[in-house]
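Quick look at run.cif (mmCIF, C-alpha atoms and all ligand atoms):
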data_final
#
loop_
_atom_site.label_atom_id
_atom_site.label_comp_id
_atom_site.auth_asym_id
_atom_site.auth_seq_id
_atom_site.Cartn_x
_atom_site.Cartn_y
_atom_site.Cartn_z
CA MET G 229 64.63 117.06 99.45
CA SER G 230 65.87 116.22 102.97
CA GLU G 231 69.14 117.29 104.52
CA ARG G 232 71.77 114.69 103.68
CA ILE G 233 73.30 112.66 106.55
CA GLU G 234 76.86 111.37 106.17
CA GLN G 235 78.35 108.32 107.83
CA ARG G 236 81.89 107.09 107.12
CA VAL G 237 83.51 103.71 106.90
CA GLU G 238 87.02 104.31 108.29
CA LEU G 239 89.46 101.98 106.57
CA GLY G 240 92.57 104.12 106.15
CA GLU G 241 93.23 104.86 102.47
CA ARG G 242 90.12 102.87 101.54
CA SER G 243 87.76 104.92 103.75
CA TYR G 244 84.55 106.07 102.12
CA PRO G 245 81.40 108.07 102.81
CA ILE G 246 77.81 106.86 102.94
CA TRP G 247 75.40 109.66 102.02
CA ILE G 248 71.78 109.20 103.08
CA GLY G 249 68.96 111.50 102.03
CA GLY G 250 65.97 112.11 99.79
CA GLY G 251 66.50 113.44 96.27
CA LEU G 252 70.20 112.53 95.91
CA LEU G 253 69.47 111.14 92.45
CA SER G 254 68.37 114.62 91.40
CA GLU G 255 71.65 116.33 92.30
CA PRO G 256 73.77 116.78 89.15
CA GLY G 257 77.47 116.29 89.80
CA ILE G 258 76.96 114.64 93.20
CA LEU G 259 79.25 111.77 92.18
CA ASP G 260 81.88 113.82 90.34
CA ALA G 261 84.34 113.76 93.24
CA PHE G 262 84.42 109.94 93.09
CA ILE G 263 84.46 109.53 89.32
CA GLY G 264 86.55 112.36 87.93
CA ALA G 265 86.62 112.17 84.14
CA ALA G 266 86.40 108.36 84.04
CA ASP G 267 84.01 106.23 82.01
CA VAL G 268 81.06 104.74 83.90
CA PHE G 269 79.47 101.32 83.65
CA VAL G 270 76.15 100.84 85.45
CA VAL G 271 74.92 97.43 86.61
CA THR G 272 71.20 97.36 87.35
CA ASN G 273 68.28 94.99 86.75
CA ASP G 274 65.09 94.95 84.71
CA VAL G 275 62.94 96.17 87.63
CA VAL G 276 65.12 98.99 88.97
CA GLY G 277 66.61 100.13 85.66
CA PRO G 278 63.27 101.31 84.19
CA LEU G 279 62.56 103.18 87.45
CA TYR G 280 65.85 104.96 88.22
CA LEU G 281 68.46 104.58 85.45
CA HIS G 282 67.26 107.73 83.71
CA ALA G 283 67.72 109.79 86.88
CA LEU G 284 71.17 108.30 87.44
CA THR G 285 72.42 109.05 83.95
CA GLY G 286 70.97 112.56 84.39
CA ILE G 287 73.35 113.33 87.28
CA LEU G 288 76.41 111.80 85.60
CA GLY G 289 76.91 114.54 83.01
CA THR G 290 78.37 114.04 79.56
CA ARG G 291 80.98 111.33 80.22
CA ARG G 292 80.77 107.91 78.47
CA ILE G 293 78.14 105.77 80.21
CA ASP G 294 77.14 102.23 79.35
CA HIS G 295 74.88 99.90 81.34
CA VAL G 296 73.64 96.36 81.66
CA GLU G 297 70.18 95.35 82.91
CA LEU G 298 70.31 91.94 84.55
CA PRO G 299 67.23 89.75 84.85
CA ASP G 300 65.68 90.27 88.31
CA GLY G 301 66.15 87.86 91.19
CA GLU G 302 68.47 85.83 93.37
CA ALA G 303 68.35 83.00 90.81
CA HIS G 304 70.51 85.17 88.54
CA LYS G 305 73.24 85.84 91.12
CA THR G 306 75.46 83.35 89.34
CA MET G 307 78.84 82.94 87.70
CA ALA G 308 77.07 83.02 84.31
CA THR G 309 75.61 86.46 85.04
CA LEU G 310 78.97 87.67 86.35
CA GLU G 311 80.57 86.52 83.11
CA SER G 312 77.96 88.41 81.09
CA ILE G 313 78.86 91.63 82.95
CA LEU G 314 82.60 91.06 82.42
CA ASP G 315 81.94 90.34 78.72
CA ARG G 316 80.25 93.73 78.40
CA LEU G 317 83.11 95.54 80.15
CA ILE G 318 85.65 93.87 77.89
CA ALA G 319 83.61 94.46 74.71
CA GLY G 320 83.23 98.14 75.70
CA ARG G 321 87.01 98.40 76.26
CA PHE G 322 86.55 99.87 79.73
CA ALA G 323 89.95 100.78 81.17
CA ARG G 324 91.28 100.21 84.69
CA ASP G 325 90.26 103.71 85.74
CA ALA G 326 86.59 103.13 84.85
CA VAL G 327 84.00 103.29 87.63
CA LEU G 328 81.25 100.70 88.00
CA ILE G 329 78.00 101.80 89.64
CA THR G 330 75.55 99.27 91.08
CA LEU G 331 71.93 100.48 91.02
CA GLY G 332 69.57 98.04 92.75
CA GLY G 333 69.08 95.78 95.74
CA GLY G 334 71.51 93.39 97.37
CA VAL G 335 71.61 91.02 94.42
CA VAL G 336 72.74 93.72 91.99
CA GLY G 337 75.12 95.20 94.59
CA ASP G 338 76.75 91.86 95.38
CA ILE G 339 77.21 90.72 91.78
CA GLY G 340 78.13 94.16 90.42
CA GLY G 341 80.59 94.61 93.28
CA PHE G 342 82.17 91.24 92.48
CA ALA G 343 82.48 92.24 88.81
CA ALA G 344 84.28 95.41 89.98
CA ALA G 345 86.52 93.32 92.26
CA THR G 346 87.59 91.03 89.43
CA TYR G 347 87.60 93.14 86.24
CA GLN G 348 91.25 93.95 85.47
CA ARG G 349 92.09 92.80 89.03
CA GLY G 350 89.80 95.40 90.53
CA ILE G 351 88.25 98.71 89.49
CA ARG G 352 86.52 101.37 91.58
CA PHE G 353 82.81 101.05 92.23
CA ILE G 354 79.97 103.00 93.82
CA GLN G 355 76.96 101.42 95.50
CA LEU G 356 73.55 102.99 94.87
CA PRO G 357 71.28 100.68 96.90
CA THR G 358 67.53 100.82 96.26
CA THR G 359 66.09 98.28 98.72
CA LEU G 360 66.00 98.97 102.46
CA LEU G 361 68.01 95.80 103.06
CA ALA G 362 70.76 96.99 100.73
CA GLN G 363 70.70 100.52 102.19
CA VAL G 364 71.16 99.33 105.78
CA ASP G 365 73.34 96.32 105.20
CA SER G 366 74.60 94.84 101.94
CA ALA G 367 75.84 98.04 100.23
CA VAL G 368 78.14 98.82 103.17
CA GLY G 369 81.18 96.78 104.07
CA GLY G 370 82.60 95.44 100.82
CA LYS G 371 81.31 91.87 100.80
CA THR G 372 80.69 90.94 97.15
CA ALA G 373 79.71 87.52 95.84
CA VAL G 374 77.76 85.20 93.59
CA ASN G 375 76.00 81.97 94.54
CA HIS G 376 77.04 78.44 93.60
CA PRO G 377 74.72 75.41 93.36
CA GLY G 378 76.56 74.26 96.54
CA GLY G 379 75.49 77.30 98.55
CA LYS G 380 74.83 81.04 98.74
CA ASN G 381 77.68 83.58 98.38
CA LEU G 382 80.31 80.84 98.16
CA ILE G 383 82.34 82.69 95.52
CA GLY G 384 83.28 86.29 96.18
CA ALA G 385 85.73 88.87 97.41
CA PHE G 386 86.07 91.71 99.86
CA HIS G 387 86.14 94.85 97.72
CA GLN G 388 85.15 98.14 99.31
CA PRO G 389 83.18 100.72 97.30
CA SER G 390 84.46 104.29 96.85
CA ALA G 391 81.13 105.67 98.07
CA VAL G 392 77.62 104.57 98.98
CA LEU G 393 74.77 106.85 97.91
CA VAL G 394 71.43 106.09 99.60
CA ASP G 395 68.60 108.00 97.95
CA THR G 396 65.77 107.26 100.37
CA ASP G 397 63.20 108.39 97.77
CA THR G 398 63.81 105.11 95.91
CA LEU G 399 62.01 103.32 98.75
CA ALA G 400 58.72 104.79 97.51
CA THR G 401 58.45 102.05 94.87
CA LEU G 402 59.63 99.17 97.08
CA PRO G 403 56.91 96.55 97.78
CA ASP G 404 55.69 96.45 101.42
CA ARG G 405 57.01 92.94 101.96
CA GLU G 406 60.52 94.02 100.89
CA LEU G 407 60.35 97.05 103.19
CA SER G 408 59.53 94.86 106.19
CA ALA G 409 62.29 92.42 105.22
CA GLY G 410 64.79 95.30 105.36
CA LEU G 411 63.47 96.34 108.77
CA ALA G 412 64.50 92.93 110.16
CA GLU G 413 68.13 93.90 109.56
CA VAL G 414 67.50 97.29 111.20
CA VAL G 415 66.15 95.58 114.34
CA LYS G 416 69.29 93.43 114.33
CA TYR G 417 71.49 96.51 114.93
CA GLY G 418 69.45 97.55 117.96
CA LEU G 419 69.77 94.05 119.38
CA ILE G 420 73.49 93.59 118.88
CA VAL G 421 74.83 97.03 119.75
CA ASP G 422 72.33 99.63 120.90
CA ALA G 423 69.42 99.15 123.30
CA GLU G 424 68.42 102.81 122.94
CA PHE G 425 68.01 102.40 119.18
CA PHE G 426 65.90 99.29 119.83
CA GLY G 427 63.66 101.43 122.06
CA TRP G 428 63.43 104.07 119.30
CA LEU G 429 62.32 101.34 116.87
CA GLU G 430 59.60 100.20 119.28
CA ALA G 431 58.33 103.78 119.45
CA HIS G 432 58.50 104.37 115.67
CA ALA G 433 57.45 101.01 114.14
CA ALA G 434 54.25 102.50 112.72
CA ASP G 435 56.12 105.51 111.23
CA LEU G 436 58.58 103.19 109.52
CA LEU G 437 55.83 101.05 108.02
CA ALA G 438 54.05 104.22 106.87
CA ARG G 439 57.36 105.20 105.18
CA ASP G 440 57.69 108.44 107.09
CA PRO G 441 60.76 109.99 105.37
CA ALA G 442 62.39 111.33 108.53
CA ALA G 443 61.94 108.04 110.40
CA LEU G 444 63.35 106.04 107.50
CA GLN G 445 66.32 108.36 107.07
CA TYR G 446 67.13 108.16 110.79
CA ALA G 447 66.81 104.35 110.88
CA ILE G 448 69.03 103.96 107.80
CA ALA G 449 71.64 106.42 109.07
CA GLN G 450 71.85 104.73 112.47
CA SER G 451 72.08 101.28 110.85
CA CYS G 452 74.87 102.47 108.53
CA ARG G 453 76.66 104.01 111.50
CA PHE G 454 76.60 100.71 113.42
CA LYS G 455 77.61 98.68 110.37
CA ALA G 456 80.41 101.10 109.45
CA ARG G 457 81.78 100.80 112.99
CA LEU G 458 81.80 96.99 112.93
CA VAL G 459 83.38 96.91 109.46
CA ALA G 460 86.09 99.38 110.50
CA GLU G 461 86.86 97.22 113.56
CA ASP G 462 86.86 93.92 111.71
CA GLU G 463 86.78 94.23 107.91
CA ARG G 464 87.36 90.52 107.20
CA GLU G 465 84.98 89.10 109.83
CA GLN G 466 87.59 87.61 112.13
CA GLY G 467 85.67 88.77 115.20
CA ARG G 468 82.98 91.31 116.00
CA ARG G 469 81.64 91.69 112.45
CA ALA G 470 80.22 88.19 112.88
CA LEU G 471 77.65 89.67 115.30
CA LEU G 472 75.87 90.89 112.16
CA ASN G 473 74.85 87.27 111.69
CA LEU G 474 72.38 87.36 114.60
CA GLY G 475 69.43 85.16 113.58
CA HIS G 476 71.13 84.21 110.30
CA THR G 477 72.06 80.57 111.07
CA TYR G 478 68.43 79.93 111.98
CA GLY G 479 67.31 82.16 109.11
CA HIS G 480 69.34 80.33 106.49
CA ALA G 481 67.87 77.05 107.74
CA ILE G 482 64.37 78.51 107.41
CA GLU G 483 65.04 79.69 103.85
CA ARG G 484 66.40 76.29 102.94
CA CYS G 485 63.65 74.22 104.64
CA ALA G 486 60.82 76.39 103.27
CA GLY G 487 62.32 76.16 99.76
CA TYR G 488 64.44 79.05 98.44
CA GLY G 489 62.30 81.98 97.30
CA GLN G 490 59.32 81.18 99.57
CA TRP G 491 60.54 83.35 102.44
CA LEU G 492 62.41 86.61 101.82
CA HIS G 493 65.84 86.65 103.46
CA GLY G 494 64.78 89.37 105.92
CA GLU G 495 61.62 87.45 106.87
CA ALA G 496 63.69 84.35 107.64
CA VAL G 497 66.16 86.49 109.63
CA ALA G 498 63.27 87.99 111.64
CA ALA G 499 61.98 84.56 112.69
CA GLY G 500 65.62 83.49 113.20
CA ILE G 501 66.23 86.45 115.53
CA CYS G 502 63.18 85.42 117.58
CA MET G 503 64.55 81.85 117.75
CA ALA G 504 68.01 83.11 118.79
CA ALA G 505 66.37 85.25 121.49
CA ALA G 506 64.32 82.30 122.79
CA PHE G 507 67.43 80.13 122.76
CA SER G 508 69.37 82.79 124.67
CA ALA G 509 66.60 82.83 127.29
CA ARG G 510 66.63 79.03 127.45
CA LEU G 511 70.38 79.20 128.22
CA GLY G 512 69.69 81.79 130.90
CA THR G 513 71.49 84.72 129.23
CA LEU G 514 68.44 86.78 128.21
CA LYS G 515 65.42 87.74 130.28
CA PRO G 516 62.11 86.16 129.12
CA GLN G 517 60.48 89.63 129.07
CA ASP G 518 63.13 90.75 126.55
CA VAL G 519 62.21 87.80 124.30
CA GLU G 520 58.64 89.08 124.38
CA ARG G 521 59.76 92.64 123.51
CA ILE G 522 61.68 91.28 120.52
CA ARG G 523 58.73 89.20 119.30
CA LYS G 524 56.37 92.15 119.73
CA LEU G 525 58.54 94.54 117.71
CA THR G 526 59.14 91.92 115.00
CA ALA G 527 55.37 91.35 114.65
CA ALA G 528 54.68 95.11 114.70
CA LEU G 529 57.00 95.49 111.70
CA GLY G 530 54.93 92.98 109.73
CA LEU G 531 57.47 90.18 110.11
CA PRO G 532 57.12 86.50 111.07
CA THR G 533 58.19 85.52 114.60
CA THR G 534 58.10 81.73 114.21
CA PRO G 535 59.62 79.33 111.67
CA PRO G 536 57.55 77.31 109.20
CA PRO G 537 56.47 73.80 110.32
CA VAL G 538 59.67 71.76 109.93
CA GLY G 539 60.99 68.67 111.73
CA ALA G 540 63.83 69.35 114.17
CA GLU G 541 66.19 66.91 112.45
CA GLU G 542 65.70 68.52 109.05
CA PHE G 543 66.14 71.96 110.61
CA LEU G 544 69.34 70.96 112.41
CA ALA G 545 70.77 69.50 109.19
CA ALA G 546 69.99 72.78 107.40
CA MET G 547 71.63 74.79 110.21
CA SER G 548 74.77 72.65 109.99
CA ILE G 549 75.34 73.62 106.34
CA ASP G 550 75.75 77.26 107.37
CA LYS G 551 79.16 78.91 106.90
CA LYS G 552 79.21 79.71 110.62
CA VAL G 553 79.85 76.06 111.55
CA ALA G 554 83.48 75.54 112.68
CA GLY G 555 85.09 72.21 113.55
CA GLY G 556 81.70 70.50 113.44
CA ARG G 557 80.32 72.81 116.14
CA ILE G 558 77.51 75.23 115.38
CA ARG G 559 78.36 78.80 116.37
CA LEU G 560 75.46 81.09 117.12
CA VAL G 561 75.14 84.77 117.89
CA LEU G 562 73.28 84.84 121.19
CA LEU G 563 71.95 87.75 123.20
CA ARG G 564 73.03 88.69 126.69
CA ALA G 565 70.64 91.62 126.73
CA ILE G 566 68.93 93.89 124.25
CA GLY G 567 71.96 95.74 122.83
CA ALA G 568 74.58 93.11 123.75
CA ALA G 569 75.42 90.01 121.71
CA GLU G 570 78.17 87.40 121.53
CA LEU G 571 79.25 84.75 119.02
CA THR G 572 79.58 81.44 120.80
CA ALA G 573 79.76 77.69 120.31
CA ASP G 574 79.64 77.32 124.09
CA PHE G 575 76.25 75.71 124.57
CA PRO G 576 75.15 72.08 124.91
CA GLN G 577 75.46 71.05 121.25
CA ASP G 578 74.50 67.45 122.02
CA ASP G 579 71.15 68.73 123.26
CA MET G 580 70.65 70.89 120.15
CA LEU G 581 68.13 68.49 118.66
CA ALA G 582 66.08 68.41 121.86
CA LEU G 583 66.29 72.19 122.16
CA LEU G 584 65.19 72.66 118.57
CA THR G 585 62.31 70.21 119.00
CA GLU G 586 61.16 72.30 121.93
CA GLN G 587 61.52 75.53 119.94
CA LEU G 588 59.87 74.29 116.78
CA GLN G 589 56.86 73.06 118.75
CA GLN G 590 56.29 76.42 120.46
P1 LIG Z 601 66.99 92.00 95.79
O1 LIG Z 601 68.20 92.65 95.33
O2 LIG Z 601 66.56 90.74 95.11
O3 LIG Z 601 65.79 93.05 95.76
C1 LIG Z 601 64.50 92.64 96.14
C2 LIG Z 601 63.47 92.96 95.06
O4 LIG Z 601 63.21 94.36 95.05
C3 LIG Z 601 63.94 92.62 93.66
O5 LIG Z 601 62.87 92.14 92.91
C4 LIG Z 601 64.40 93.97 93.12
O6 LIG Z 601 64.40 94.06 91.71
C5 LIG Z 601 63.37 94.88 93.72
N1 LIG Z 601 63.74 96.28 93.91
C6 LIG Z 601 64.93 96.77 94.28
N2 LIG Z 601 64.85 98.08 94.49
C7 LIG Z 601 63.58 98.45 94.22
C8 LIG Z 601 62.87 99.68 94.28
N3 LIG Z 601 63.44 100.80 94.72
N4 LIG Z 601 61.57 99.69 93.89
C9 LIG Z 601 60.97 98.53 93.51
N5 LIG Z 601 61.56 97.33 93.47
C10 LIG Z 601 62.86 97.30 93.84
O7 LIG Z 601 67.08 91.63 97.34
P2 LIG Z 601 67.70 92.39 98.60
O8 LIG Z 601 66.87 91.98 99.75
O9 LIG Z 601 67.92 93.83 98.34
O10 LIG Z 601 69.14 91.72 98.72
C11 LIG Z 601 69.31 90.35 98.97
C12 LIG Z 601 70.70 89.96 98.55
O11 LIG Z 601 71.65 90.69 99.34
C13 LIG Z 601 71.02 88.49 98.74
O12 LIG Z 601 71.64 88.00 97.58
C14 LIG Z 601 71.98 88.48 99.93
O13 LIG Z 601 72.89 87.41 99.86
C15 LIG Z 601 72.66 89.80 99.76
N6 LIG Z 601 73.22 90.35 101.00
C16 LIG Z 601 74.51 90.77 100.95
C17 LIG Z 601 75.10 91.32 102.08
C18 LIG Z 601 76.49 91.85 102.00
O14 LIG Z 601 77.05 92.23 103.04
N7 LIG Z 601 77.07 91.94 100.83
C19 LIG Z 601 74.36 91.48 103.25
C20 LIG Z 601 73.03 91.06 103.26
C21 LIG Z 601 72.46 90.49 102.11
N1 LIG Z 602 75.76 91.20 106.28
C1 LIG Z 602 76.87 90.72 107.01
C2 LIG Z 602 78.13 91.50 106.81
O1 LIG Z 602 78.21 92.41 106.03
O2 LIG Z 602 79.09 91.20 107.43
#
Write out the structure in this file as structure tokens.
Ligand code: NAD
Ligand code: GLY
Amino acid sequence: MSERIEQRVELGERSYPIWIGGGLLSEPGILDAFIGAADVFVVTNDVVGPLYLHALTGILGTRRIDHVELPDGEAHKTMATLESILDRLIAGRFARDAVLITLGGGVVGDIGGFAAATYQRGIRFIQLPTTLLAQVDSAVGGKTAVNHPGGKNLIGAFHQPSAVLVDTDTLATLPDRELSAGLAEVVKYGLIVDAEFFGWLEAHAADLLARDPAALQYAIAQSCRFKARLVAEDEREQGRRALLNLGHTYGHAIERCAGYGQWLHGEAVAAGICMAAAFSARLGTLKPQDVERIRKLTAALGLPTTPPPVGAEEFLAAMSIDKKVAGGRIRLVLLRAIGAAELTADFPQDDMLALLTEQLQQ
């Protein structure tokens, strides 16, 4: 059991802690302060439930606990699944003071969080993320959603959790590919806000891939610290929180062009970050040697650095569907240096096709 690290999301009365450490799911009573005597409803899925639900119920004591195990996968992040969760809450007569706990990756966290946001106009919930991506990104910040056939995360709400509990021991069962996908989001923090952390990642890439507990705990804690800061500054993404989308406009286009499910989100973001870095260099804001550093770290973490073979026109069309398009102009997060990013639409949009053709041929 490692020493627990605490980060906080400072949002006035809605502030909450993020606890990060090994063995948290073996600490009876650890969640009592957030639950009191209330009933608990756990949302998990059919991969994570069999692995960790027993441990979770073990630390919750003798209160009433019910749970639902969703079918695994992004394909089930739908209104129909949301309705099935709400049906269970209603059938179980859960009251407004009940607490919902999400136990799983970003899919379970997003849909369970949205159920908590909407059930009886909003009940408390606790995030217990079990993928690296969820531990460093999706469980923190209160974005909850389901997908619609028209696009990802189109229906949702901002609803902050009461606490986020990151038991790093759960990463032991995470497939290698999912671990690397989560590391893409960790690299993102170094690039947008902290050059020193980026340097630390370069020095510890092998430790992270080997799942060294201390390295993972440090990387998660730093990532949560950066995310908590951006969320506290800009909860509703009117400004700086949008920097978290570095590589995402390219990444979403990659996911779409490759066919959803072929690339993991984090893999697409990794290649997208490399494209954003190359584009920043092309515009003269980032040094070419920094683009190389970014590509080298991305590859060292077992992640792709280039997009799949796609035509520039198809790619541009896919980029234009992204939520980050405003007034017909694509907005991108671009890098001014390692550790400094900006959201901008101030680049030659008319040349975008030519620029993409150049990039996709590289
Ligand atoms: P995921 O939830 O699908 O999890 C990936 C896979 O790992 C799944 O098969 C899952 O069952 C399995 N898994 C989870 N924990 C495990 C464990 N400990 N051991 C073994 N297997 C485990 O995917 P994800 O990458 O965690 O999350 C992606 C989702 O997060 C997307 O829907 C995305 O839109 C959302 N997201 C939300 C935010 C936000 O701010 N709310 C941010 C980023 C991403
Ligand atoms: N993952 C982007 C955000 O939380 O804002």
Could you list, as a PDB file with C-alpha atoms, in the frame of the given file, all protein and nucleic acid residues with an atom at most 6 Å from ligand LIG 601 (chain Z), counting only C-alpha atoms and all ligand atoms?
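Result saved to pocket_1.pdb:
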ATOM      1  CA  VAL G 275      62.940  96.170  87.630  1.00  0.00           C
ATOM      2  CA  VAL G 276      65.120  98.990  88.970  1.00  0.00           C
ATOM      3  CA  ASP G 300      65.680  90.270  88.310  1.00  0.00           C
ATOM      4  CA  GLY G 301      66.150  87.860  91.190  1.00  0.00           C
ATOM      5  CA  GLU G 302      68.470  85.830  93.370  1.00  0.00           C
ATOM      6  CA  GLY G 332      69.570  98.040  92.750  1.00  0.00           C
ATOM      7  CA  GLY G 333      69.080  95.780  95.740  1.00  0.00           C
ATOM      8  CA  GLY G 334      71.510  93.390  97.370  1.00  0.00           C
ATOM      9  CA  VAL G 335      71.610  91.020  94.420  1.00  0.00           C
ATOM     10  CA  VAL G 336      72.740  93.720  91.990  1.00  0.00           C
ATOM     11  CA  ASP G 338      76.750  91.860  95.380  1.00  0.00           C
ATOM     12  CA  THR G 358      67.530 100.820  96.260  1.00  0.00           C
ATOM     13  CA  THR G 359      66.090  98.280  98.720  1.00  0.00           C
ATOM     14  CA  LEU G 361      68.010  95.800 103.060  1.00  0.00           C
ATOM     15  CA  ALA G 362      70.760  96.990 100.730  1.00  0.00           C
ATOM     16  CA  ASP G 365      73.340  96.320 105.200  1.00  0.00           C
ATOM     17  CA  SER G 366      74.600  94.840 101.940  1.00  0.00           C
ATOM     18  CA  LYS G 371      81.310  91.870 100.800  1.00  0.00           C
ATOM     19  CA  THR G 372      80.690  90.940  97.150  1.00  0.00           C
ATOM     20  CA  THR G 398      63.810 105.110  95.910  1.00  0.00           C
ATOM     21  CA  LEU G 399      62.010 103.320  98.750  1.00  0.00           C
ATOM     22  CA  THR G 401      58.450 102.050  94.870  1.00  0.00           C
ATOM     23  CA  LEU G 402      59.630  99.170  97.080  1.00  0.00           C
TER      24      LEU G 402
END
Within 8 Å of ligand LIG 602 (chain Z), counting only C-alpha atoms and all ligand atoms, which protein or nucleic acid residues do you find, written as a list in words? Asp365, Ser366, Val368, Gly369, Gly370, Lys371, Lys455, Val459, Glu465, Arg469, Ala470, Leu472 and Asn473 of chain G
How many Å separate CA of Leu531 in chain G from CA of Arg453 in chain G?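 These atoms are spaced 23.7 Å apart.
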Ala326 in chain G surroundings by all atoms listed in the file, 7 Å radius, close-in-sequence under 4 positions cut, as JSON, numbers by chain: {"G": [266, 267, 268, 322, 351, 352]}
Provide the CA of Asp397 in chain G to CA of Tyr417 in chain G distance in Å, to one decimal place.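 Interatomic distance, CA of Asp397 in chain G to CA of Tyr417 in chain G: 22.5 Å.
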Which polymer residues, whether protein, DNA or RNA, lie within 6 Å of the coordinate (84.5, 97.4, 94.4) when you count all atoms listed in the file? List them as a VMD selection string, using the chain letters and numbers from the file. chain G and resid 341 344 to 345 352 to 353 387 to 389
Which one is closest to Thr330 in chain G: G:Thr272, G:Thr533, G:Gln517, G:Gln577? Count all atoms listed in the file.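 Among the listed residues, G:Thr272 lies closest to Thr330 in chain G.
With all atoms listed in the file taken into account, the protein and nucleic acid residues at most 6 Å from Asn273 in chain G (excluding it and anything under 6 positions from it in its own chain) are G:Glu297, G:Leu298, G:Pro299, G:Asp300.
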9 Å contact set for Ser408 in chain G, all atoms listed in the file, chain neighbours under 6 positions out, as a PDB file with C-alpha atoms, keeping the file's coordinate frame:
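What ended up in around-v7.pdb:
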ATOM      1  CA  LEU G 360      66.000  98.970 102.460  1.00  0.00           C
ATOM      2  CA  LEU G 437      55.830 101.050 108.020  1.00  0.00           C
ATOM      3  CA  GLY G 494      64.780  89.370 105.920  1.00  0.00           C
ATOM      4  CA  GLU G 495      61.620  87.450 106.870  1.00  0.00           C
ATOM      5  CA  LEU G 529      57.000  95.490 111.700  1.00  0.00           C
ATOM      6  CA  GLY G 530      54.930  92.980 109.730  1.00  0.00           C
ATOM      7  CA  LEU G 531      57.470  90.180 110.110  1.00  0.00           C
TER       8      LEU G 531
END
So, with all atoms listed in the file as the atoms that count, which of G:Ile329, G:Ala504, G:Gly350, G:Gly250 lies closest to Leu281 in chain G?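 The answer is G:Ile329, which sits nearest to Leu281 in chain G.
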For Ile318 in chain G, list every protein, DNA or RNA residue within 10 Å, evaluated using all atoms listed in the file, and leave out those in the same chain fewer than 5 positions away; present the list as a ChimeraX atom specification. /G:312-313,323,347-348
Would you save the residues of that selection, restricted to C-alpha atoms, as a PDB file, in the coordinates of the input?
ATOM      1  CA  SER G 312      77.960  88.410  81.090  1.00  0.00           C
ATOM      2  CA  ILE G 313      78.860  91.630  82.950  1.00  0.00           C
ATOM      3  CA  ALA G 323      89.950 100.780  81.170  1.00  0.00           C
ATOM      4  CA  TYR G 347      87.600  93.140  86.240  1.00  0.00           C
ATOM      5  CA  GLN G 348      91.250  93.950  85.470  1.00  0.00           C
TER       6      GLN G 348
END
Select from range 361-463 of chain G every residue with an atom at most 8 Å from any atom of range 559-568 of chain G, then for each give the shortest pair of atoms and their distance in Å to one decimal, using all atoms listed in the file, rows by chain and rising number, as a tab-separated table.
residue	atom	partner	partner_atom	distance
G:Tyr417	CA	G:Gly567	CA	8.0
G:Gly418	CA	G:Gly567	CA	5.8
G:Leu419	CA	G:Gly567	CA	4.4
G:Ile420	CA	G:Gly567	CA	4.8
G:Val421	CA	G:Gly567	CA	4.4
G:Asp422	CA	G:Gly567	CA	4.4
G:Ala423	CA	G:Gly567	CA	4.3
G:Glu424	CA	G:Gly567	CA	7.9
G:Phe426	CA	G:Ile566	CA	7.6
Atom-to-atom span, CA of Arg464 in chain G and CA of Gly384 in chain G, Å: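 Atom-to-atom, CA of Arg464 in chain G and CA of Gly384 in chain G are spaced 12.5 Å apart.
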So which residues are close to (75.4, 72.2, 116.4), meaning at most 7 Å away in the file's coordinates with all atoms listed in the file counted, and can you show them as a list in words?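 Protein, DNA and RNA residues close to (75.4, 72.2, 116.4): Ser548, Arg557, Ile558, Gln577 and Met580 of chain G.
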Contact residues around Leu584 in chain G with only C-alpha atoms at 9 Å, ignoring same-chain residues under 6 positions, as a ChimeraX atom specification: /G:507,539-541,543-544
Reconstructed N, CA and C atoms for range 341-348 of chain G, given as an mmCIF file, in the frame of the given file:
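The result, stored in part21.cif:
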data_model
loop_
_atom_site.group_PDB
_atom_site.id
_atom_site.type_symbol
_atom_site.label_atom_id
_atom_site.label_comp_id
_atom_site.auth_asym_id
_atom_site.auth_seq_id
_atom_site.Cartn_x
_atom_site.Cartn_y
_atom_site.Cartn_z
ATOM 1 N N GLY G 341 79.388 94.381 92.478
ATOM 2 C CA GLY G 341 80.590 94.610 93.280
ATOM 3 C C GLY G 341 81.648 93.556 92.975
ATOM 4 N N PHE G 342 81.202 92.316 92.773
ATOM 5 C CA PHE G 342 82.170 91.240 92.480
ATOM 6 C C PHE G 342 82.762 91.440 91.076
ATOM 7 N N ALA G 343 81.939 91.929 90.140
ATOM 8 C CA ALA G 343 82.480 92.240 88.810
ATOM 9 C C ALA G 343 83.555 93.323 88.942
ATOM 10 N N ALA G 344 83.283 94.342 89.769
ATOM 11 C CA ALA G 344 84.280 95.410 89.980
ATOM 12 C C ALA G 344 85.534 94.859 90.645
ATOM 13 N N ALA G 345 85.362 93.888 91.542
ATOM 14 C CA ALA G 345 86.520 93.320 92.260
ATOM 15 C C ALA G 345 87.408 92.512 91.325
ATOM 16 N N THR G 346 86.819 91.959 90.273
ATOM 17 C CA THR G 346 87.590 91.030 89.430
ATOM 18 C C THR G 346 88.002 91.613 88.082
ATOM 19 N N TYR G 347 87.253 92.590 87.559
ATOM 20 C CA TYR G 347 87.600 93.140 86.240
ATOM 21 C C TYR G 347 88.968 93.825 86.328
ATOM 22 N N GLN G 348 89.879 93.416 85.495
ATOM 23 C CA GLN G 348 91.250 93.950 85.470
ATOM 24 C C GLN G 348 91.869 93.998 86.868
#
